[in-house]
$ cat coords_14.cif   # mmCIF, C-alpha atoms
data_run
#
loop_
_atom_site.label_atom_id
_atom_site.label_comp_id
_atom_site.auth_asym_id
_atom_site.auth_seq_id
_atom_site.Cartn_x
_atom_site.Cartn_y
_atom_site.Cartn_z
CA LYS A 1 23.64 -8.33 3.21
CA PRO A 2 20.19 -7.43 4.58
CA ALA A 3 17.58 -10.15 4.22
CA GLY A 4 15.45 -9.64 1.16
CA SER A 5 18.28 -8.03 -0.81
CA TRP A 6 19.88 -9.56 -3.86
CA GLN A 7 23.54 -9.94 -4.74
CA GLY A 8 24.87 -6.96 -6.61
CA HIS A 9 22.46 -4.52 -8.23
CA SER A 10 19.26 -5.60 -9.89
CA LEU A 11 17.66 -4.27 -13.06
CA ASP A 12 14.89 -1.77 -12.42
CA GLN A 13 12.13 -3.19 -14.60
CA GLY A 14 10.26 0.10 -14.66
CA SER A 15 13.11 2.26 -15.98
CA GLY A 16 15.67 -0.11 -17.47
CA ARG A 17 18.41 1.03 -15.08
CA MET A 18 20.08 -0.75 -12.23
CA SER A 19 18.29 -0.68 -8.89
CA ASP A 20 20.11 -0.14 -5.61
CA ARG A 21 17.06 -0.48 -3.39
CA LEU A 22 17.68 -2.33 -0.13
CA GLN A 23 21.15 -3.39 -1.30
CA GLU A 24 22.66 -1.65 1.69
CA THR A 25 21.16 -0.87 5.10
CA SER A 26 18.39 1.64 4.38
CA ASN A 27 16.45 4.20 6.41
CA ILE A 28 12.73 3.66 5.84
CA TRP A 29 9.46 5.25 6.98
CA ILE A 30 6.40 2.97 7.10
CA THR A 31 2.82 4.14 7.74
CA GLY A 32 -0.03 1.90 8.84
CA ALA A 33 2.62 -0.08 10.69
CA SER A 34 0.62 -1.18 13.73
CA SER A 35 -1.20 -4.09 12.04
CA GLY A 36 -1.68 -6.08 8.84
CA ILE A 37 0.66 -5.54 5.90
CA GLY A 38 2.42 -2.63 7.58
CA GLU A 39 3.31 -4.62 10.67
CA SER A 40 4.56 -7.58 8.63
CA VAL A 41 6.62 -5.36 6.31
CA THR A 42 8.14 -3.74 9.39
CA ARG A 43 9.13 -7.13 10.79
CA ALA A 44 10.56 -8.29 7.45
CA LEU A 45 12.66 -5.15 6.98
CA ALA A 46 13.81 -5.23 10.61
CA ARG A 47 15.04 -8.81 10.07
CA GLY A 48 16.99 -7.45 7.11
CA GLY A 49 18.86 -5.02 9.35
CA HIS A 50 17.21 -1.85 8.04
CA ARG A 51 16.51 1.20 10.22
CA LEU A 52 12.85 2.10 10.47
CA VAL A 53 10.49 4.85 11.57
CA ILE A 54 7.02 3.39 12.01
CA THR A 55 3.75 5.31 12.12
CA GLY A 56 0.21 4.42 13.11
CA ARG A 57 -2.49 5.82 15.37
CA ARG A 58 -2.01 3.31 18.22
CA LYS A 59 1.08 4.33 20.16
CA GLY A 60 1.08 1.20 22.35
CA ALA A 61 1.02 -1.15 19.34
CA LEU A 62 3.88 0.77 17.71
CA GLU A 63 6.00 0.63 20.85
CA GLU A 64 5.42 -3.10 21.16
CA LEU A 65 6.45 -3.59 17.53
CA ALA A 66 9.53 -1.40 17.99
CA SER A 67 10.67 -3.67 20.83
CA VAL A 68 11.71 -6.34 18.28
CA ALA A 69 14.67 -4.09 17.36
CA PRO A 70 14.65 -1.05 19.67
CA ASP A 71 17.98 0.24 18.41
CA ARG A 72 16.73 0.34 14.82
CA ILE A 73 12.98 1.07 15.05
CA ILE A 74 11.59 4.45 16.11
CA PRO A 75 7.84 4.62 16.83
CA ALA A 76 6.23 7.87 15.64
CA ALA A 77 2.50 7.80 16.36
CA ALA A 78 0.32 9.96 14.10
CA ASP A 79 -2.98 10.07 12.29
CA THR A 80 -1.92 10.26 8.64
CA THR A 81 -4.92 12.44 7.78
CA SER A 82 -3.80 15.11 10.27
CA LYS A 83 -1.36 17.73 9.00
CA GLU A 84 -0.56 18.69 12.58
CA ASP A 85 0.27 15.11 13.59
CA LEU A 86 2.48 14.65 10.56
CA GLN A 87 4.36 17.91 11.06
CA ALA A 88 4.99 16.82 14.66
CA ILE A 89 6.82 13.67 13.51
CA ALA A 90 8.55 15.16 10.44
CA GLY A 91 11.82 15.47 12.32
CA SER A 92 11.78 11.77 13.19
CA LEU A 93 12.00 10.67 9.55
CA GLU A 94 15.73 11.35 9.38
CA ASN A 95 16.69 10.41 12.94
CA HIS A 96 18.56 7.38 11.56
CA GLY A 97 20.18 9.39 8.76
CA ASP A 98 19.23 10.06 5.14
CA LEU A 99 15.74 8.74 4.35
CA ASN A 100 15.97 6.20 1.51
CA MET A 101 12.46 4.81 1.28
CA VAL A 102 8.91 5.68 2.28
CA ILE A 103 6.18 3.02 2.34
CA LEU A 104 2.78 4.74 2.52
CA ASN A 105 0.53 1.88 3.55
CA ALA A 106 -2.03 3.40 5.95
CA GLY A 107 -5.57 2.90 4.71
CA THR A 108 -9.10 1.80 5.39
CA CYS A 109 -11.81 -0.22 3.67
CA GLU A 110 -15.49 0.54 4.14
CA TYR A 111 -18.20 -0.92 1.93
CA LEU A 112 -21.35 0.80 0.74
CA GLU A 113 -24.80 -0.70 1.23
CA ILE A 114 -26.62 0.66 -1.81
CA ALA A 115 -30.07 0.18 -0.23
CA HIS A 116 -28.99 2.65 2.45
CA TYR A 117 -26.73 4.92 0.41
CA ASP A 118 -24.50 7.07 2.59
CA SER A 119 -21.98 9.46 1.05
CA ASP A 120 -20.00 9.41 4.30
CA VAL A 121 -18.76 5.94 3.32
CA ILE A 122 -17.26 7.38 0.14
CA GLU A 123 -15.73 10.28 2.07
CA LYS A 124 -14.10 8.04 4.70
CA ASN A 125 -12.39 5.90 2.06
CA ILE A 126 -11.17 8.90 0.07
CA HIS A 127 -10.09 10.85 3.15
CA THR A 128 -7.97 8.07 4.65
CA ASN A 129 -6.66 6.37 1.52
CA VAL A 130 -6.08 9.34 -0.78
CA ILE A 131 -5.89 12.48 1.33
CA GLY A 132 -3.95 10.72 4.10
CA THR A 133 -1.38 9.44 1.60
CA ALA A 134 -1.10 12.85 -0.06
CA ARG A 135 -0.52 14.54 3.31
CA CYS A 136 2.22 12.06 4.23
CA LEU A 137 4.02 13.10 1.07
CA GLU A 138 4.27 16.67 2.37
CA ILE A 139 6.81 15.53 4.96
CA ALA A 140 8.23 12.56 3.04
CA LEU A 141 9.12 14.25 -0.24
CA PRO A 142 11.43 16.92 1.22
CA ALA A 143 13.31 14.21 3.14
CA LEU A 144 13.65 12.03 0.02
CA ARG A 145 14.88 15.02 -1.96
CA ARG A 146 17.55 15.73 0.64
CA SER A 147 18.75 12.13 0.26
CA ARG A 148 18.89 12.40 -3.52
CA ALA A 149 20.87 15.64 -3.22
CA LYS A 150 23.52 13.61 -1.36
CA GLY A 151 23.53 10.87 -3.99
CA GLN A 152 21.49 8.47 -1.86
CA PRO A 153 18.76 6.25 -3.37
CA ALA A 154 15.20 7.45 -2.77
CA THR A 155 12.05 5.41 -3.30
CA LEU A 156 8.39 6.25 -2.68
CA VAL A 157 6.16 3.19 -2.25
CA ILE A 158 2.37 3.59 -2.30
CA VAL A 159 0.21 0.63 -1.30
CA SER A 160 -2.93 0.62 -3.43
CA SER A 161 -5.07 -2.42 -4.30
CA SER A 162 -6.01 -4.60 -7.25
CA ALA A 163 -9.70 -4.16 -6.31
CA TRP A 164 -10.31 -1.20 -8.62
CA TRP A 165 -9.42 -3.17 -11.76
CA PHE A 166 -12.96 -4.58 -11.84
CA PRO A 167 -16.16 -2.80 -10.68
CA PHE A 168 -17.25 -4.85 -7.67
CA GLY A 169 -20.55 -4.13 -6.00
CA ARG A 170 -20.40 -2.36 -2.60
CA ALA A 171 -16.85 -1.14 -3.41
CA GLU A 172 -17.83 2.25 -4.81
CA GLY A 173 -15.90 4.10 -2.11
CA TYR A 174 -13.00 1.73 -1.59
CA GLY A 175 -12.41 1.01 -5.28
CA ALA A 176 -12.67 4.67 -6.24
CA SER A 177 -10.15 5.61 -3.54
CA LYS A 178 -7.66 3.00 -4.76
CA ALA A 179 -8.13 3.98 -8.41
CA ALA A 180 -7.39 7.58 -7.41
CA LEU A 181 -4.41 6.47 -5.35
CA THR A 182 -2.89 4.51 -8.24
CA TYR A 183 -3.35 7.40 -10.67
CA PHE A 184 -1.81 9.73 -8.07
CA ALA A 185 1.22 7.44 -7.75
CA GLN A 186 1.71 6.99 -11.49
CA SER A 187 1.52 10.74 -12.08
CA LEU A 188 4.08 11.25 -9.31
CA ARG A 189 6.30 8.70 -11.08
CA ALA A 190 6.25 10.87 -14.20
CA ASP A 191 6.96 14.09 -12.30
CA LEU A 192 9.68 12.68 -10.04
CA ALA A 193 11.56 10.68 -12.71
CA ALA A 194 13.84 13.62 -13.51
CA GLU A 195 14.81 13.83 -9.82
CA GLY A 196 15.75 10.16 -9.66
CA ILE A 197 13.06 9.33 -7.09
CA ASP A 198 11.45 5.97 -7.86
CA VAL A 199 7.70 5.56 -7.33
CA VAL A 200 6.41 2.04 -6.71
CA VAL A 201 2.76 0.98 -6.72
CA VAL A 202 1.83 -2.12 -4.70
CA SER A 203 -1.51 -3.70 -5.69
CA PRO A 204 -2.34 -6.65 -3.42
CA GLY A 205 -5.32 -8.94 -3.69
CA PHE A 206 -6.99 -10.10 -0.49
CA VAL A 207 -4.57 -10.08 2.46
CA LYS A 208 -5.59 -11.40 5.88
CA SER A 209 -5.64 -8.46 8.30
CA PRO A 210 -7.94 -6.81 10.84
CA LEU A 211 -9.56 -4.97 7.92
CA THR A 212 -10.32 -8.06 5.83
CA ASP A 213 -11.37 -10.01 8.93
CA ARG A 214 -14.50 -7.82 8.87
CA ASN A 215 -15.43 -8.92 5.34
CA ASP A 216 -18.66 -10.93 5.09
CA PHE A 217 -17.96 -12.51 1.69
CA PRO A 218 -15.59 -15.17 0.28
CA MET A 219 -12.09 -13.85 -0.46
CA PRO A 220 -10.43 -15.86 -3.25
CA PHE A 221 -6.67 -16.49 -3.09
CA LEU A 222 -6.39 -14.93 0.39
CA VAL A 223 -2.74 -14.58 1.46
CA SER A 224 -1.28 -13.96 4.90
CA ALA A 225 0.17 -10.58 5.84
CA GLU A 226 3.56 -12.29 6.25
CA ASP A 227 3.38 -13.67 2.70
CA ALA A 228 2.36 -10.25 1.39
CA ALA A 229 5.30 -8.62 3.16
CA GLU A 230 7.80 -11.05 1.66
CA ARG A 231 6.42 -10.41 -1.83
CA ILE A 232 6.61 -6.66 -1.33
CA VAL A 233 10.16 -6.65 0.05
CA SER A 234 11.32 -9.06 -2.66
CA GLY A 235 9.73 -6.94 -5.40
CA LEU A 236 11.32 -3.78 -4.04
CA ALA A 237 14.77 -5.40 -3.88
CA ARG A 238 14.37 -6.61 -7.47
CA GLY A 239 13.73 -3.08 -8.68
CA LYS A 240 10.08 -3.47 -9.59
CA ASN A 241 7.95 -0.34 -9.92
CA GLU A 242 4.68 -2.30 -10.06
CA ILE A 243 4.15 -5.09 -7.51
CA ASP A 244 0.89 -7.05 -7.63
CA PHE A 245 -0.02 -10.39 -6.11
CA PRO A 246 -1.14 -13.14 -5.87
CA LYS A 247 -0.69 -13.56 -9.63
CA ARG A 248 -3.60 -15.98 -10.11
CA PHE A 249 -5.96 -13.33 -8.73
CA THR A 250 -4.42 -10.24 -10.31
CA TRP A 251 -4.15 -11.83 -13.76
CA MET A 252 -7.79 -12.88 -13.51
CA LEU A 253 -8.82 -9.31 -12.70
CA LYS A 254 -6.71 -7.93 -15.55
CA VAL A 255 -8.33 -10.35 -18.02
CA LEU A 256 -11.81 -9.51 -16.77
CA GLY A 257 -11.03 -5.81 -16.94
CA ALA A 258 -9.98 -6.15 -20.59
CA LEU A 259 -13.35 -7.58 -21.69
CA PRO A 260 -15.82 -5.43 -23.66
CA ARG A 261 -17.59 -2.96 -21.38
CA PRO A 262 -21.12 -4.39 -21.86
CA LEU A 263 -19.86 -7.82 -20.78
CA ILE A 264 -18.07 -6.35 -17.75
CA ASP A 265 -21.26 -4.52 -16.77
CA ARG A 266 -23.39 -7.67 -17.00
CA MET A 267 -20.88 -9.74 -14.99
CA SER A 268 -20.52 -7.05 -12.34
CA ALA A 269 -24.28 -6.62 -11.97
CA SER A 270 -24.77 -10.38 -11.73
CA MET A 271 -22.11 -10.68 -9.02
CA ALA A 272 -23.68 -7.79 -7.09
CA ARG A 273 -27.13 -9.45 -7.19
CA LYS A 274 -25.69 -12.72 -5.88
CA SER A 275 -23.85 -10.88 -3.10
CA ASN A 276 -26.98 -9.00 -2.06
CA ALA A 277 -29.04 -12.21 -2.09
CA GLU A 278 -26.50 -13.98 0.12
CA GLN A 279 -26.56 -11.12 2.61
CA GLU A 280 -30.37 -11.22 2.76
CA ASN A 281 -30.34 -14.98 3.33
CA ASN A 282 -27.76 -14.61 6.08
CA GLY A 283 -29.50 -11.64 7.70
#

$ encode --input "coords_14.cif" --output "structure tokens"
Amino acid sequence: KPAGSWQGHSLDQGSGRMSDRLQETSNIWITGASSGIGESVTRALARGGHRLVITGRRKGALEELASVAPDRIIPAAADTTSKEDLQAIAGSLENHGDLNMVILNAGTCEYLEIAHYDSDVIEKNIHTNVIGTARCLEIALPALRRSRAKGQPATLVIVSSSAWWFPFGRAEGYGASKAALTYFAQSLRADLAAEGIDVVVVSPGFVKSPLTDRNDFPMPFLVSAEDAAERIVSGLARGKNEIDFPKRFTWMLKVLGALPRPLIDRMSASMARKSNAEQENNG
């Protein structure tokens, strides 16, 4: 069986039915595949024998990644915010056969400096993380529906973040984009349930990647992209519809987010002041 799959069928914890995700060789589209989580998920699924179409903006990086299994990985370079780019690669999604899974992972993270407020920072986060994901669905959903019509499993995976569970300073744009993305995914789950298309939300904590390498603050419970990929693939194979990790970090955020609002506001403001003071001292 492919690596990362489990013997037999596993219980889908989100719906109470048996999951057949990744139990057989699957055809999968992955966006944001040229680095970070996307690259590591690509490598993990390729090791499992799955057939992949990988998308990112850097054609050279995609071709290099595809070389690890050239007979099973098709590079399809595109900017996920461009309708034209996406329509140009739409035909590639089913080059291996019926599309069984889509992992929409492409995203960005830009922080806001409140002393120099710039609405463009908000726009960039929303445009890439929310609009880009929504546009990918325009070519992914028809392909997934064709697979379901043939009795094939179909799963939509949206990579969000655990960051929006607590109002961190400087994260107005990033956190808002991920909150919107999660709501988008959960609403899709409701609408697509009748069609038998699973919708999975992945909410990582801090994962080492070119994006987080730019961060100028401590990142608690940082995990490697390889570790993140193994957790994602394992969660998908086990039928989970909500995958969040590392648990020590995500449980902490959930507890903090459940506190009374005045207490959350005081904690958040205090953390923002400390962060701003540290930046001034380091400047």

$ residues_near_point --input "coords_14.cif" --point "(-3.1, 1.9, 6.7)" --cutoff "6 Å" --atoms "all atoms listed in the file" --output "list in words"
Gly32, Asn105, Ala106 and Gly107 of chain A

$ axis_aligned_box --input "coords_14.cif" --around "segment 25-28 of chain A" --padding-each-side "3 Å" --output "JSON"
{"center_x": 16.9, "center_y": 1.7, "center_z": 5.4, "size_x": 14.4, "size_y": 11.1, "size_z": 8.0}

$ closest_residue --input "coords_14.cif" --among "A:Leu253, A:Ala78, A:Leu263, A:Met101" --to "Pro153 of chain A" --atoms "only C-alpha atoms"
A:Met101

$ residues_around --input "coords_14.cif" --residues "Ala69 of chain A" --least-positions-apart "5" --cutoff "10 Å" --atoms "all atoms listed in the file" --output "list in words"
Arg43, Ala46, Arg47, Gly49, His50, Arg51, Leu52 and Ile74 of chain A

$ resolve_selection --input "coords_14.cif" --expression "the PyMOL selection byres ((chain A and resi 88-90) around 10)" --output "ChimeraX atom specification"
/A:53,55,75-78,82-87,91-95,136,138-140,142-143

$ build_atoms --input "coords_14.cif" --residues "segment 247-258 of chain A" --atoms "all heavy atoms" --output "PDB file, in the coordinates of the input"
ATOM      1  N   LYS A 247      -0.567 -13.681  -8.178  1.00  0.00           N
ATOM      2  CA  LYS A 247      -0.690 -13.560  -9.630  1.00  0.00           C
ATOM      3  C   LYS A 247      -1.955 -14.213 -10.172  1.00  0.00           C
ATOM      4  O   LYS A 247      -2.551 -13.698 -11.123  1.00  0.00           O
ATOM      5  CB  LYS A 247       0.547 -14.167 -10.309  1.00  0.00           C
ATOM      6  CG  LYS A 247       1.818 -13.372 -10.075  1.00  0.00           C
ATOM      7  CD  LYS A 247       1.703 -11.952 -10.621  1.00  0.00           C
ATOM      8  CE  LYS A 247       2.989 -11.176 -10.453  1.00  0.00           C
ATOM      9  NZ  LYS A 247       2.849  -9.763 -10.890  1.00  0.00           N
ATOM     10  N   ARG A 248      -2.381 -15.335  -9.583  1.00  0.00           N
ATOM     11  CA  ARG A 248      -3.600 -15.980 -10.110  1.00  0.00           C
ATOM     12  C   ARG A 248      -4.789 -15.037 -10.008  1.00  0.00           C
ATOM     13  O   ARG A 248      -5.642 -14.996 -10.901  1.00  0.00           O
ATOM     14  CB  ARG A 248      -3.896 -17.268  -9.334  1.00  0.00           C
ATOM     15  CG  ARG A 248      -2.963 -18.416  -9.640  1.00  0.00           C
ATOM     16  CD  ARG A 248      -3.316 -19.631  -8.814  1.00  0.00           C
ATOM     17  NE  ARG A 248      -3.172 -19.368  -7.385  1.00  0.00           N
ATOM     18  CZ  ARG A 248      -3.564 -20.206  -6.423  1.00  0.00           C
ATOM     19  NH1 ARG A 248      -4.137 -21.359  -6.754  1.00  0.00           N
ATOM     20  NH2 ARG A 248      -3.384 -19.911  -5.150  1.00  0.00           N
ATOM     21  N   PHE A 249      -4.846 -14.260  -8.934  1.00  0.00           N
ATOM     22  CA  PHE A 249      -5.960 -13.330  -8.730  1.00  0.00           C
ATOM     23  C   PHE A 249      -5.794 -12.074  -9.584  1.00  0.00           C
ATOM     24  O   PHE A 249      -6.728 -11.643 -10.266  1.00  0.00           O
ATOM     25  CB  PHE A 249      -6.037 -12.959  -7.252  1.00  0.00           C
ATOM     26  CG  PHE A 249      -7.193 -12.056  -6.909  1.00  0.00           C
ATOM     27  CD1 PHE A 249      -8.502 -12.494  -7.049  1.00  0.00           C
ATOM     28  CD2 PHE A 249      -6.969 -10.780  -6.430  1.00  0.00           C
ATOM     29  CE1 PHE A 249      -9.564 -11.675  -6.728  1.00  0.00           C
ATOM     30  CE2 PHE A 249      -8.029  -9.950  -6.101  1.00  0.00           C
ATOM     31  CZ  PHE A 249      -9.329 -10.398  -6.252  1.00  0.00           C
ATOM     32  N   THR A 250      -4.599 -11.491  -9.585  1.00  0.00           N
ATOM     33  CA  THR A 250      -4.420 -10.240 -10.310  1.00  0.00           C
ATOM     34  C   THR A 250      -4.502 -10.432 -11.823  1.00  0.00           C
ATOM     35  O   THR A 250      -5.048  -9.577 -12.523  1.00  0.00           O
ATOM     36  CB  THR A 250      -3.081  -9.567  -9.928  1.00  0.00           C
ATOM     37  OG1 THR A 250      -1.992 -10.464 -10.178  1.00  0.00           O
ATOM     38  CG2 THR A 250      -3.077  -9.190  -8.456  1.00  0.00           C
ATOM     39  N   TRP A 251      -4.002 -11.565 -12.324  1.00  0.00           N
ATOM     40  CA  TRP A 251      -4.150 -11.830 -13.760  1.00  0.00           C
ATOM     41  C   TRP A 251      -5.607 -12.028 -14.121  1.00  0.00           C
ATOM     42  O   TRP A 251      -6.068 -11.573 -15.176  1.00  0.00           O
ATOM     43  CB  TRP A 251      -3.323 -13.063 -14.166  1.00  0.00           C
ATOM     44  CG  TRP A 251      -1.903 -12.722 -14.484  1.00  0.00           C
ATOM     45  CD1 TRP A 251      -0.795 -13.003 -13.736  1.00  0.00           C
ATOM     46  CD2 TRP A 251      -1.422 -12.010 -15.634  1.00  0.00           C
ATOM     47  NE1 TRP A 251       0.333 -12.507 -14.338  1.00  0.00           N
ATOM     48  CE2 TRP A 251      -0.012 -11.897 -15.502  1.00  0.00           C
ATOM     49  CE3 TRP A 251      -2.051 -11.456 -16.744  1.00  0.00           C
ATOM     50  CZ2 TRP A 251       0.767 -11.254 -16.458  1.00  0.00           C
ATOM     51  CZ3 TRP A 251      -1.264 -10.806 -17.699  1.00  0.00           C
ATOM     52  CH2 TRP A 251       0.127 -10.713 -17.538  1.00  0.00           C
ATOM     53  N   MET A 252      -6.366 -12.697 -13.255  1.00  0.00           N
ATOM     54  CA  MET A 252      -7.790 -12.880 -13.510  1.00  0.00           C
ATOM     55  C   MET A 252      -8.505 -11.536 -13.603  1.00  0.00           C
ATOM     56  O   MET A 252      -9.314 -11.299 -14.509  1.00  0.00           O
ATOM     57  CB  MET A 252      -8.417 -13.728 -12.405  1.00  0.00           C
ATOM     58  CG  MET A 252      -9.913 -13.963 -12.562  1.00  0.00           C
ATOM     59  SD  MET A 252     -10.600 -14.930 -11.184  1.00  0.00           S
ATOM     60  CE  MET A 252     -10.514 -13.707  -9.854  1.00  0.00           C
ATOM     61  N   LEU A 253      -8.191 -10.631 -12.671  1.00  0.00           N
ATOM     62  CA  LEU A 253      -8.820  -9.310 -12.700  1.00  0.00           C
ATOM     63  C   LEU A 253      -8.420  -8.522 -13.944  1.00  0.00           C
ATOM     64  O   LEU A 253      -9.242  -7.824 -14.546  1.00  0.00           O
ATOM     65  CB  LEU A 253      -8.441  -8.521 -11.453  1.00  0.00           C
ATOM     66  CG  LEU A 253      -9.056  -8.970 -10.134  1.00  0.00           C
ATOM     67  CD1 LEU A 253      -8.641  -8.019  -9.017  1.00  0.00           C
ATOM     68  CD2 LEU A 253     -10.572  -9.035 -10.218  1.00  0.00           C
ATOM     69  N   LYS A 254      -7.163  -8.639 -14.349  1.00  0.00           N
ATOM     70  CA  LYS A 254      -6.710  -7.930 -15.550  1.00  0.00           C
ATOM     71  C   LYS A 254      -7.424  -8.448 -16.791  1.00  0.00           C
ATOM     72  O   LYS A 254      -7.817  -7.668 -17.671  1.00  0.00           O
ATOM     73  CB  LYS A 254      -5.188  -8.083 -15.706  1.00  0.00           C
ATOM     74  CG  LYS A 254      -4.393  -7.279 -14.679  1.00  0.00           C
ATOM     75  CD  LYS A 254      -2.906  -7.539 -14.825  1.00  0.00           C
ATOM     76  CE  LYS A 254      -2.106  -6.770 -13.785  1.00  0.00           C
ATOM     77  NZ  LYS A 254      -0.659  -7.030 -13.865  1.00  0.00           N
ATOM     78  N   VAL A 255      -7.611  -9.760 -16.871  1.00  0.00           N
ATOM     79  CA  VAL A 255      -8.330 -10.350 -18.020  1.00  0.00           C
ATOM     80  C   VAL A 255      -9.779  -9.884 -18.025  1.00  0.00           C
ATOM     81  O   VAL A 255     -10.314  -9.471 -19.058  1.00  0.00           O
ATOM     82  CB  VAL A 255      -8.235 -11.887 -17.981  1.00  0.00           C
ATOM     83  CG1 VAL A 255      -9.191 -12.507 -19.003  1.00  0.00           C
ATOM     84  CG2 VAL A 255      -6.803 -12.344 -18.258  1.00  0.00           C
ATOM     85  N   LEU A 256     -10.423  -9.955 -16.857  1.00  0.00           N
ATOM     86  CA  LEU A 256     -11.810  -9.510 -16.770  1.00  0.00           C
ATOM     87  C   LEU A 256     -11.941  -8.035 -17.133  1.00  0.00           C
ATOM     88  O   LEU A 256     -12.878  -7.629 -17.828  1.00  0.00           O
ATOM     89  CB  LEU A 256     -12.359  -9.745 -15.357  1.00  0.00           C
ATOM     90  CG  LEU A 256     -12.583 -11.190 -14.930  1.00  0.00           C
ATOM     91  CD1 LEU A 256     -13.005 -11.253 -13.466  1.00  0.00           C
ATOM     92  CD2 LEU A 256     -13.636 -11.861 -15.814  1.00  0.00           C
ATOM     93  N   GLY A 257     -10.985  -7.237 -16.671  1.00  0.00           N
ATOM     94  CA  GLY A 257     -11.030  -5.810 -16.940  1.00  0.00           C
ATOM     95  C   GLY A 257     -10.788  -5.449 -18.390  1.00  0.00           C
ATOM     96  O   GLY A 257     -11.104  -4.338 -18.820  1.00  0.00           O
ATOM     97  N   ALA A 258     -10.242  -6.398 -19.177  1.00  0.00           N
ATOM     98  CA  ALA A 258      -9.980  -6.150 -20.590  1.00  0.00           C
ATOM     99  C   ALA A 258     -11.142  -6.573 -21.491  1.00  0.00           C
ATOM    100  O   ALA A 258     -11.098  -6.369 -22.706  1.00  0.00           O
ATOM    101  CB  ALA A 258      -8.707  -6.889 -21.016  1.00  0.00           C
TER     102      ALA A 258
END
